[in-house]
>>> print(open('my_file.cif').read())   # mmCIF, C-alpha atoms
data_work
#
loop_
_atom_site.label_atom_id
_atom_site.label_comp_id
_atom_site.auth_asym_id
_atom_site.auth_seq_id
_atom_site.Cartn_x
_atom_site.Cartn_y
_atom_site.Cartn_z
CA MET A 1 0.71 -12.28 20.03
CA ILE A 2 2.50 -9.15 18.90
CA HIS A 3 2.82 -9.13 15.14
CA SER A 4 6.37 -7.86 15.09
CA PHE A 5 8.17 -10.34 12.88
CA ILE A 6 7.45 -12.62 9.94
CA ALA A 7 9.10 -15.99 10.35
CA LEU A 8 9.83 -18.52 7.62
CA LEU A 9 9.35 -22.27 7.86
CA PRO A 10 11.59 -23.23 4.92
CA ASP A 11 10.56 -26.88 4.88
CA LYS A 12 7.01 -25.88 4.01
CA CYS A 13 7.99 -23.39 1.31
CA THR A 14 7.49 -24.60 -2.27
CA SER A 15 8.96 -21.45 -3.91
CA CYS A 16 5.59 -20.72 -5.50
CA MET A 17 6.39 -16.98 -5.47
CA LEU A 18 2.89 -15.97 -4.32
CA CYS A 19 4.20 -13.96 -1.36
CA VAL A 20 6.81 -12.23 -3.51
CA ARG A 21 4.22 -11.23 -6.10
CA GLU A 22 1.56 -10.11 -3.67
CA CYS A 23 3.86 -8.06 -1.44
CA PRO A 24 2.84 -4.41 -1.95
CA ALA A 25 6.19 -3.17 -0.65
CA TRP A 26 8.20 -5.45 -2.95
CA CYS A 27 10.31 -6.43 0.06
CA ILE A 28 10.54 -10.21 -0.44
CA HIS A 29 13.20 -11.72 -2.68
CA LEU A 30 13.15 -15.43 -3.39
CA ASP A 31 15.55 -17.52 -5.43
CA SER A 32 14.96 -21.14 -6.29
CA HIS A 33 15.66 -23.79 -8.87
CA THR A 34 13.90 -26.90 -10.13
CA GLU A 35 15.32 -30.35 -9.63
CA GLU A 36 14.16 -33.69 -10.90
CA VAL A 37 13.56 -36.29 -8.26
CA THR A 38 12.90 -39.96 -8.96
CA ASP A 39 10.67 -41.62 -6.41
CA ALA A 40 11.01 -45.35 -5.94
CA GLY A 41 8.28 -47.01 -8.01
CA ALA A 42 7.37 -43.84 -9.90
CA ARG A 43 7.09 -44.13 -13.65
CA ARG A 44 8.89 -40.87 -14.41
CA PRO A 45 10.86 -38.36 -12.34
CA LYS A 46 8.97 -35.41 -10.85
CA LYS A 47 10.10 -31.81 -10.74
CA ILE A 48 10.36 -30.07 -7.41
CA ASN A 49 11.31 -26.49 -6.59
CA VAL A 50 14.26 -26.13 -4.25
CA LEU A 51 14.55 -22.95 -2.23
CA ASP A 52 17.96 -21.31 -2.61
CA SER A 53 17.43 -18.03 -0.82
CA PHE A 54 14.58 -16.15 0.81
CA ASP A 55 15.08 -12.56 1.98
CA ILE A 56 12.74 -10.11 3.66
CA ASP A 57 13.93 -6.52 3.56
CA TYR A 58 12.61 -5.14 6.84
CA SER A 59 13.52 -1.61 5.81
CA LEU A 60 10.67 -1.84 3.29
CA CYS A 61 8.27 -4.26 5.02
CA MET A 62 5.17 -2.54 6.37
CA TYR A 63 3.91 -5.54 8.35
CA CYS A 64 0.69 -5.81 6.35
CA GLY A 65 0.76 -9.60 6.65
CA ILE A 66 -0.45 -10.22 3.10
CA CYS A 67 2.41 -12.69 2.57
CA VAL A 68 1.32 -14.61 5.68
CA ASP A 69 -2.28 -14.70 4.47
CA VAL A 70 -1.50 -15.60 0.89
CA CYS A 71 0.92 -18.47 1.57
CA PRO A 72 -0.95 -21.68 0.64
CA PHE A 73 1.40 -23.86 2.68
CA ASP A 74 1.63 -21.77 5.87
CA ALA A 75 5.35 -21.36 5.37
CA LEU A 76 5.22 -17.79 6.68
CA GLU A 77 3.85 -16.93 10.07
CA TRP A 78 3.63 -14.07 12.50
CA ASP A 79 6.14 -14.08 15.27
CA GLN A 80 6.53 -11.95 18.35
CA HIS A 81 10.22 -11.30 17.99
CA ARG A 82 11.22 -7.72 17.44
CA ALA A 83 12.88 -7.24 14.10
CA LEU A 84 16.23 -5.71 14.78
CA ILE A 85 17.52 -2.23 15.14
CA SER A 86 20.45 -1.24 12.98
CA ASP A 87 22.17 1.79 11.57
CA SER A 88 22.86 -0.03 8.31
CA ARG A 89 20.19 -0.73 5.73
CA ALA A 90 21.92 -3.91 4.63
CA ASP A 91 21.48 -5.40 8.11
CA LEU A 92 17.71 -5.07 7.76
CA THR A 93 17.56 -7.68 5.00
CA LEU A 94 17.19 -11.07 6.65
CA GLY A 95 17.81 -14.38 4.92
CA ILE A 96 16.61 -17.93 5.55
CA THR A 97 18.85 -18.49 8.56
CA GLN A 98 17.78 -15.39 10.42
CA LEU A 99 14.12 -15.73 9.45
CA THR A 100 14.18 -19.27 10.79
CA SER A 101 16.29 -18.97 13.91
CA GLU A 102 14.22 -16.09 15.23
CA ASN A 103 11.15 -18.24 14.91
CA ASP A 104 9.79 -19.48 18.21
CA SER A 105 6.62 -21.10 16.98
CA ALA A 106 6.79 -23.45 19.96
CA ASN A 107 5.21 -20.72 22.10
CA MET B 1 -20.07 5.72 17.61
CA THR B 2 -23.64 4.67 16.79
CA ALA B 3 -23.59 6.68 13.64
CA VAL B 4 -26.42 6.86 11.13
CA MET B 5 -24.24 8.60 8.61
CA ALA B 6 -25.90 10.97 6.17
CA MET B 7 -24.15 11.52 2.86
CA GLU B 8 -24.55 14.34 0.43
CA SER B 9 -22.82 15.55 -2.71
CA VAL B 10 -22.95 19.28 -3.33
CA PRO B 11 -21.80 21.55 -6.18
CA VAL B 12 -18.42 23.20 -5.63
CA ASP B 13 -19.78 26.74 -5.42
CA THR B 14 -22.10 25.88 -2.51
CA TRP B 15 -19.41 23.92 -0.60
CA HIS B 16 -18.61 26.48 2.09
CA GLU B 17 -22.25 27.45 2.55
CA ARG B 18 -23.42 23.83 2.85
CA VAL B 19 -20.71 22.89 5.36
CA HIS B 20 -21.71 25.96 7.37
CA GLN B 21 -25.41 24.91 7.34
CA VAL B 22 -24.61 21.38 8.44
CA LYS B 23 -22.41 22.72 11.24
CA GLN B 24 -25.33 24.92 12.39
CA ARG B 25 -27.57 21.85 12.46
CA GLY B 26 -25.45 20.44 15.27
CA PHE B 27 -22.63 18.67 13.47
CA GLY B 28 -20.04 20.77 15.24
CA PHE B 29 -17.16 18.31 15.47
CA PHE B 30 -14.78 18.26 12.52
CA ASP B 31 -13.54 14.71 11.98
CA PHE B 32 -11.53 14.84 8.73
CA LEU B 33 -11.24 16.33 5.29
CA THR B 34 -9.72 14.36 2.46
CA ALA B 35 -9.84 13.82 -1.29
CA VAL B 36 -10.26 10.88 -3.64
CA ASP B 37 -8.90 10.76 -7.18
CA ARG B 38 -11.79 9.42 -9.31
CA ASN B 39 -9.73 9.72 -12.53
CA SER B 40 -12.15 12.00 -14.37
CA PHE B 41 -12.56 14.28 -11.34
CA VAL B 42 -11.30 14.79 -7.80
CA GLU B 43 -13.75 14.32 -4.97
CA VAL B 44 -13.23 16.37 -1.80
CA VAL B 45 -14.89 14.90 1.28
CA VAL B 46 -15.48 16.27 4.76
CA HIS B 47 -16.83 14.27 7.69
CA LEU B 48 -18.63 16.10 10.48
CA VAL B 49 -19.90 14.52 13.67
CA ARG B 50 -22.40 15.56 16.35
CA GLU B 51 -20.63 16.49 19.53
CA ASP B 52 -22.26 13.61 21.44
CA LEU B 53 -21.03 11.28 18.63
CA SER B 54 -24.60 10.07 18.01
CA ASP B 55 -24.63 10.88 14.30
CA SER B 56 -22.33 12.00 11.53
CA TYR B 57 -22.53 13.70 8.16
CA LEU B 58 -20.41 13.23 5.06
CA ILE B 59 -20.35 16.05 2.53
CA SER B 60 -18.56 15.64 -0.77
CA THR B 61 -18.05 17.70 -3.88
CA MET B 62 -16.58 17.05 -7.31
CA LEU B 63 -13.76 19.15 -8.73
CA SER B 64 -12.93 18.94 -12.41
CA ASN B 65 -9.31 18.13 -13.18
CA GLU B 66 -8.99 21.41 -15.06
CA ASN B 67 -10.13 23.56 -12.15
CA LEU B 68 -8.96 22.23 -8.79
CA HIS B 69 -10.12 25.23 -6.78
CA ILE B 70 -12.45 25.15 -3.79
CA ASP B 71 -13.31 27.45 -0.89
CA SER B 72 -11.47 26.80 2.35
CA ILE B 73 -13.58 25.88 5.38
CA GLU B 74 -10.80 26.89 7.79
CA THR B 75 -12.95 29.78 9.04
CA LEU B 76 -15.64 27.28 10.12
CA PHE B 77 -13.29 24.67 11.55
CA PRO B 78 -9.74 25.90 12.25
CA GLY B 79 -8.57 22.28 12.42
CA ALA B 80 -9.52 21.77 8.80
CA GLY B 81 -6.62 24.00 7.76
CA TRP B 82 -4.01 21.27 8.10
CA HIS B 83 -6.19 18.75 6.31
CA GLU B 84 -6.63 21.19 3.43
CA ARG B 85 -2.91 21.79 3.19
CA GLU B 86 -2.29 18.05 3.11
CA VAL B 87 -4.92 17.56 0.38
CA GLY B 88 -3.28 20.46 -1.46
CA GLU B 89 0.10 18.74 -1.38
CA MET B 90 -1.11 15.27 -2.17
CA PHE B 91 -3.80 16.01 -4.78
CA GLY B 92 -2.93 19.48 -6.05
CA VAL B 93 -6.21 21.02 -4.86
CA LYS B 94 -6.09 24.75 -4.11
CA PHE B 95 -8.20 25.85 -1.15
CA GLU B 96 -9.09 29.54 -1.55
CA GLY B 97 -8.58 31.38 1.72
CA ASN B 98 -6.02 28.98 3.18
CA ASP B 99 -2.35 29.90 2.95
CA MET B 100 -1.55 26.47 1.42
CA GLN B 101 2.02 26.46 2.69
CA LYS B 102 3.67 23.06 2.32
CA LEU B 103 2.97 20.90 5.33
CA LEU B 104 4.80 17.61 4.78
CA ARG B 105 6.68 17.64 1.48
CA HIS B 106 9.66 19.70 0.49
CA GLU B 107 8.87 22.71 -1.66
CA THR B 108 11.02 21.50 -4.54
CA LEU B 109 9.26 18.14 -4.79
CA GLY B 110 7.16 18.17 -7.88
CA LEU B 111 3.79 16.73 -8.72
CA PRO B 112 1.13 15.74 -6.17
CA PRO B 113 1.92 12.06 -5.46
CA LEU B 114 -1.57 10.75 -4.73
CA ARG B 115 -2.94 11.59 -8.16
CA LYS B 116 -3.36 8.41 -10.16
CA ASN B 117 -1.67 9.82 -13.25
CA ILE B 118 1.55 10.54 -11.34
CA VAL B 119 4.14 7.80 -11.83
CA LEU B 120 5.68 6.52 -8.61
CA SER B 121 9.35 6.61 -9.56
CA ALA B 122 10.34 3.76 -7.22
CA ARG B 123 8.03 1.44 -9.18
CA VAL B 124 9.80 2.28 -12.42
CA VAL B 125 13.43 2.15 -11.33
CA THR B 126 13.11 -0.91 -9.07
CA GLU B 127 13.15 -4.36 -10.54
CA TRP B 128 10.06 -6.29 -9.46
CA PRO B 129 11.19 -9.29 -7.38
CA GLY B 130 8.13 -11.28 -8.52
CA ALA B 131 9.40 -11.51 -12.09
CA ALA B 132 11.83 -14.26 -11.09
CA GLU B 133 10.92 -17.84 -11.94
CA PRO B 134 12.59 -21.05 -10.79
CA GLU B 135 15.11 -22.30 -13.29
CA ILE B 136 15.12 -25.91 -14.36
CA LYS B 137 18.49 -27.38 -13.59
CA GLN B 138 20.03 -30.73 -14.36
CA ASP B 139 23.30 -31.68 -12.72
CA GLY B 140 23.66 -28.07 -11.57
CA ARG B 141 23.28 -26.74 -15.11
CA LYS B 142 20.46 -24.48 -16.22
CA VAL B 143 18.52 -26.27 -18.94
CA GLY B 144 15.29 -24.34 -19.16
CA ASN B 145 12.97 -21.73 -17.77
CA PRO B 146 9.34 -22.67 -17.12
CA SER B 147 7.86 -19.19 -17.56
CA ARG B 148 5.70 -18.92 -20.63
CA ARG B 149 3.87 -15.72 -19.84
CA ARG B 150 5.24 -12.59 -18.27
CA GLN B 151 4.05 -11.88 -14.79
CA ARG B 152 3.01 -8.38 -13.89
CA PRO B 153 3.10 -6.73 -10.47
CA PRO B 154 -0.44 -6.34 -9.10
CA GLY B 155 -1.70 -2.79 -9.05
CA ALA B 156 1.11 -1.14 -11.01
CA PRO B 157 -0.24 0.23 -14.31
CA GLU B 158 1.33 -1.31 -17.39
CA SER B 159 2.49 2.04 -18.68
CA TRP B 160 4.67 2.53 -15.59
CA LEU B 161 6.83 -0.48 -16.16
CA GLN B 162 10.06 -0.76 -18.04
CA GLN B 163 10.22 -3.04 -21.04
#
>>> encode(input="my_file.cif", output="structure tokens")
Amino acid sequence: MIHSFIALLPDKCTSCMLCVRECPAWCIHLDSHTEEVTDAGARRPKKINVLDSFDIDYSLCMYCGICVDVCPFDALEWDQHRALISDSRADLTLGITQLTSENDSAN
Amino acid sequence: MTAVMAMESVPVDTWHERVHQVKQRGFGFFDFLTAVDRNSFVEVVVHLVREDLSDSYLISTMLSNENLHIDSIETLFPGAGWHEREVGEMFGVKFEGNDMQKLLRHETLGLPPLRKNIVLSARVVTEWPGAAEPEIKQDGRKVGNPSRRRQRPPGAPESWLQQ
């Protein structure tokens, strides 16, 4: 597979911030909040992180793949899509929707 | 390459002579010349290879931070000229005998960026995205922040970062 894109599987992401902190290019931005969830039968509610936004700035990304390696839940993976050509820097920052829809992990 | 690489560190004043001797011994292919910032000194390294690629030779020398001057080996290997100019720009080493014209960076750009004591300005003016922590919310309201200790970006020296 060509390593030309980093795709996000948002359901697996726990907002642990490891990818953001390990990224040498500082190109990942993640926003999340904590919510309390009460499971049926549980004695007390548990706290879970909810992902609000996840952006990769492809104008900074150098495709080192450290984020893919470091993710403990395999929420990031290599993909063979080409990441975009644009004449605007803002277009090179991709959010959850774009990072997910480009993902063709079925192949 | 089935290299059995020999390595040698030589004093600065015998640099040109030693590279010449090694070239005469059959290591006639210039691979690369580069430098490493070892904090207390700068190490200049050249890698020479036998023309049949059977063996290679690494010669290094130490330059003190106060005197970053070394003889150019451009007369032995013309291709080394560009490598020396690049090392000159990136580490501030002056190669005597090479014209040392800027190769990659603009003339007005200041200090050599690959020296460890040079602050990378982007790391100071950019906010580190890893400093963010999930906020604890109840009914959509922020009620607390779980961070107890401040996270630091890996690799960036403490003195570079804003308070």
>>> residues_near_point(input="my_file.cif", point="(3.7, -14.4, -9.4)", cutoff="10 Å", atoms="only C-alpha atoms", output="MDAnalysis selection string")
(chainID A and resid 16:22) or (chainID B and resid 129:133 150:154)
>>> closest_atom_pairs(input="my_file.cif", of="chain A", to="chain B", cutoff="6 Å", atoms="only C-alpha atoms", output="CSV")
residue,atom,partner,partner_atom,distance
A:Val20,CA,B:Gly130,CA,5.3
A:Arg21,CA,B:Gly130,CA,4.6
A:His29,CA,B:Pro129,CA,5.7
A:Ser32,CA,B:Pro134,CA,5.1
A:His33,CA,B:Pro134,CA,4.5
A:Thr34,CA,B:Ile136,CA,4.5
A:Glu35,CA,B:Lys137,CA,5.9
>>> residues_around(input="my_file.cif", residues="Ser60 of chain B", least_positions_apart="5", cutoff="12 Å", atoms="only C-alpha atoms", output="PyMOL selection string")
chain B and resi 6-12+14-16+18-19+32-36+42-48+70
>>> resolve_selection(input="my_file.cif", expression="the PyMOL selection byres ((chain A and resi 58) around 9)", output="PDB file with C-alpha atoms, in the coordinates of the input")
ATOM      1  CA  CYS A  27      10.310  -6.430   0.060  1.00  0.00           C
ATOM      2  CA  ILE A  56      12.740 -10.110   3.660  1.00  0.00           C
ATOM      3  CA  ASP A  57      13.930  -6.520   3.560  1.00  0.00           C
ATOM      4  CA  SER A  59      13.520  -1.610   5.810  1.00  0.00           C
ATOM      5  CA  LEU A  60      10.670  -1.840   3.290  1.00  0.00           C
ATOM      6  CA  CYS A  61       8.270  -4.260   5.020  1.00  0.00           C
ATOM      7  CA  MET A  62       5.170  -2.540   6.370  1.00  0.00           C
ATOM      8  CA  TYR A  63       3.910  -5.540   8.350  1.00  0.00           C
ATOM      9  CA  ALA A  83      12.880  -7.240  14.100  1.00  0.00           C
ATOM     10  CA  LEU A  84      16.230  -5.710  14.780  1.00  0.00           C
ATOM     11  CA  ARG A  89      20.190  -0.730   5.730  1.00  0.00           C
ATOM     12  CA  ASP A  91      21.480  -5.400   8.110  1.00  0.00           C
ATOM     13  CA  LEU A  92      17.710  -5.070   7.760  1.00  0.00           C
ATOM     14  CA  THR A  93      17.560  -7.680   5.000  1.00  0.00           C
ATOM     15  CA  LEU A  94      17.190 -11.070   6.650  1.00  0.00           C
TER      16      LEU A  94
END
>>> resolve_selection(input="my_file.cif", expression="the PyMOL selection byres ((chain B and resi 96-111) around 9)", output="list in words")
His69, Ile70, Asp71, Ser72, Ile73, Glu74, Thr75, Gly81, Trp82, Glu84, Arg85, Glu86, Gly88, Glu89, Met90, Phe91, Gly92, Lys94, Phe95, Pro112, Pro113, Leu114, Arg115 and Ile118 of chain B
>>> write_last_selection(input="my_file.cif", atoms="C-alpha atoms", output="mmCIF file, in the frame of the given file")
data_model
loop_
_atom_site.group_PDB
_atom_site.id
_atom_site.type_symbol
_atom_site.label_atom_id
_atom_site.label_comp_id
_atom_site.auth_asym_id
_atom_site.auth_seq_id
_atom_site.Cartn_x
_atom_site.Cartn_y
_atom_site.Cartn_z
ATOM 1 C CA HIS B 69 -10.120 25.230 -6.780
ATOM 2 C CA ILE B 70 -12.450 25.150 -3.790
ATOM 3 C CA ASP B 71 -13.310 27.450 -0.890
ATOM 4 C CA SER B 72 -11.470 26.800 2.350
ATOM 5 C CA ILE B 73 -13.580 25.880 5.380
ATOM 6 C CA GLU B 74 -10.800 26.890 7.790
ATOM 7 C CA THR B 75 -12.950 29.780 9.040
ATOM 8 C CA GLY B 81 -6.620 24.000 7.760
ATOM 9 C CA TRP B 82 -4.010 21.270 8.100
ATOM 10 C CA GLU B 84 -6.630 21.190 3.430
ATOM 11 C CA ARG B 85 -2.910 21.790 3.190
ATOM 12 C CA GLU B 86 -2.290 18.050 3.110
ATOM 13 C CA GLY B 88 -3.280 20.460 -1.460
ATOM 14 C CA GLU B 89 0.100 18.740 -1.380
ATOM 15 C CA MET B 90 -1.110 15.270 -2.170
ATOM 16 C CA PHE B 91 -3.800 16.010 -4.780
ATOM 17 C CA GLY B 92 -2.930 19.480 -6.050
ATOM 18 C CA LYS B 94 -6.090 24.750 -4.110
ATOM 19 C CA PHE B 95 -8.200 25.850 -1.150
ATOM 20 C CA PRO B 112 1.130 15.740 -6.170
ATOM 21 C CA PRO B 113 1.920 12.060 -5.460
ATOM 22 C CA LEU B 114 -1.570 10.750 -4.730
ATOM 23 C CA ARG B 115 -2.940 11.590 -8.160
ATOM 24 C CA ILE B 118 1.550 10.540 -11.340
#
>>> atom_distance(input="my_file.cif", atom1="atom CA of Phe30 of chain B", atom2="atom CA of Lys116 of chain B")
27.2 Å
>>> atom_distance(input="my_file.cif", atom1="atom CA of Asp37 of chain B", atom2="atom CA of Leu58 of chain B")
17.0 Å
>>> atom_distance(input="my_file.cif", atom1="atom CA of Glu17 of chain B", atom2="atom CA of Leu68 of chain B")
18.2 Å
>>> residues_around(input="my_file.cif", residues="Gly26 of chain B", least_positions_apart="6", cutoff="12 Å", atoms="all atoms listed in the file", output="number ranges by chain")
B: 19-20, 48-57
>>> closest_residue(input="my_file.cif", among="B:Asn67, B:Met5, B:Asp31, B:Trp160", to="Val125 of chain B", atoms="only C-alpha atoms")
B:Trp160
>>> residues_near_point(input="my_file.cif", point="(1.1, -20.1, 0.2)", cutoff="12 Å", atoms="all atoms listed in the file", output="list in words")
Leu8, Leu9, Pro10, Lys12, Cys13, Thr14, Ser15, Cys16, Met17, Leu18, Cys19, Val20, Arg21, Glu22, Ile66, Cys67, Val68, Asp69, Val70, Cys71, Pro72, Phe73, Asp74, Ala75, Leu76 and Glu77 of chain A
>>> closest_residue(input="my_file.cif", among="B:Ser159, B:Leu63, B:Ser121, B:Leu76", to="Gln24 of chain B", atoms="only C-alpha atoms")
B:Leu76
>>> resolve_selection(input="my_file.cif", expression="the PyMOL selection byres ((chain A and resi 46) around 10)", output="number ranges by chain")
A: 34-39, 42-45, 47-48
>>> closest_residue(input="my_file.cif", among="A:Cys23, A:Ala90, A:Leu99, A:Leu51", to="Asp11 of chain A", atoms="all atoms listed in the file")
A:Leu51
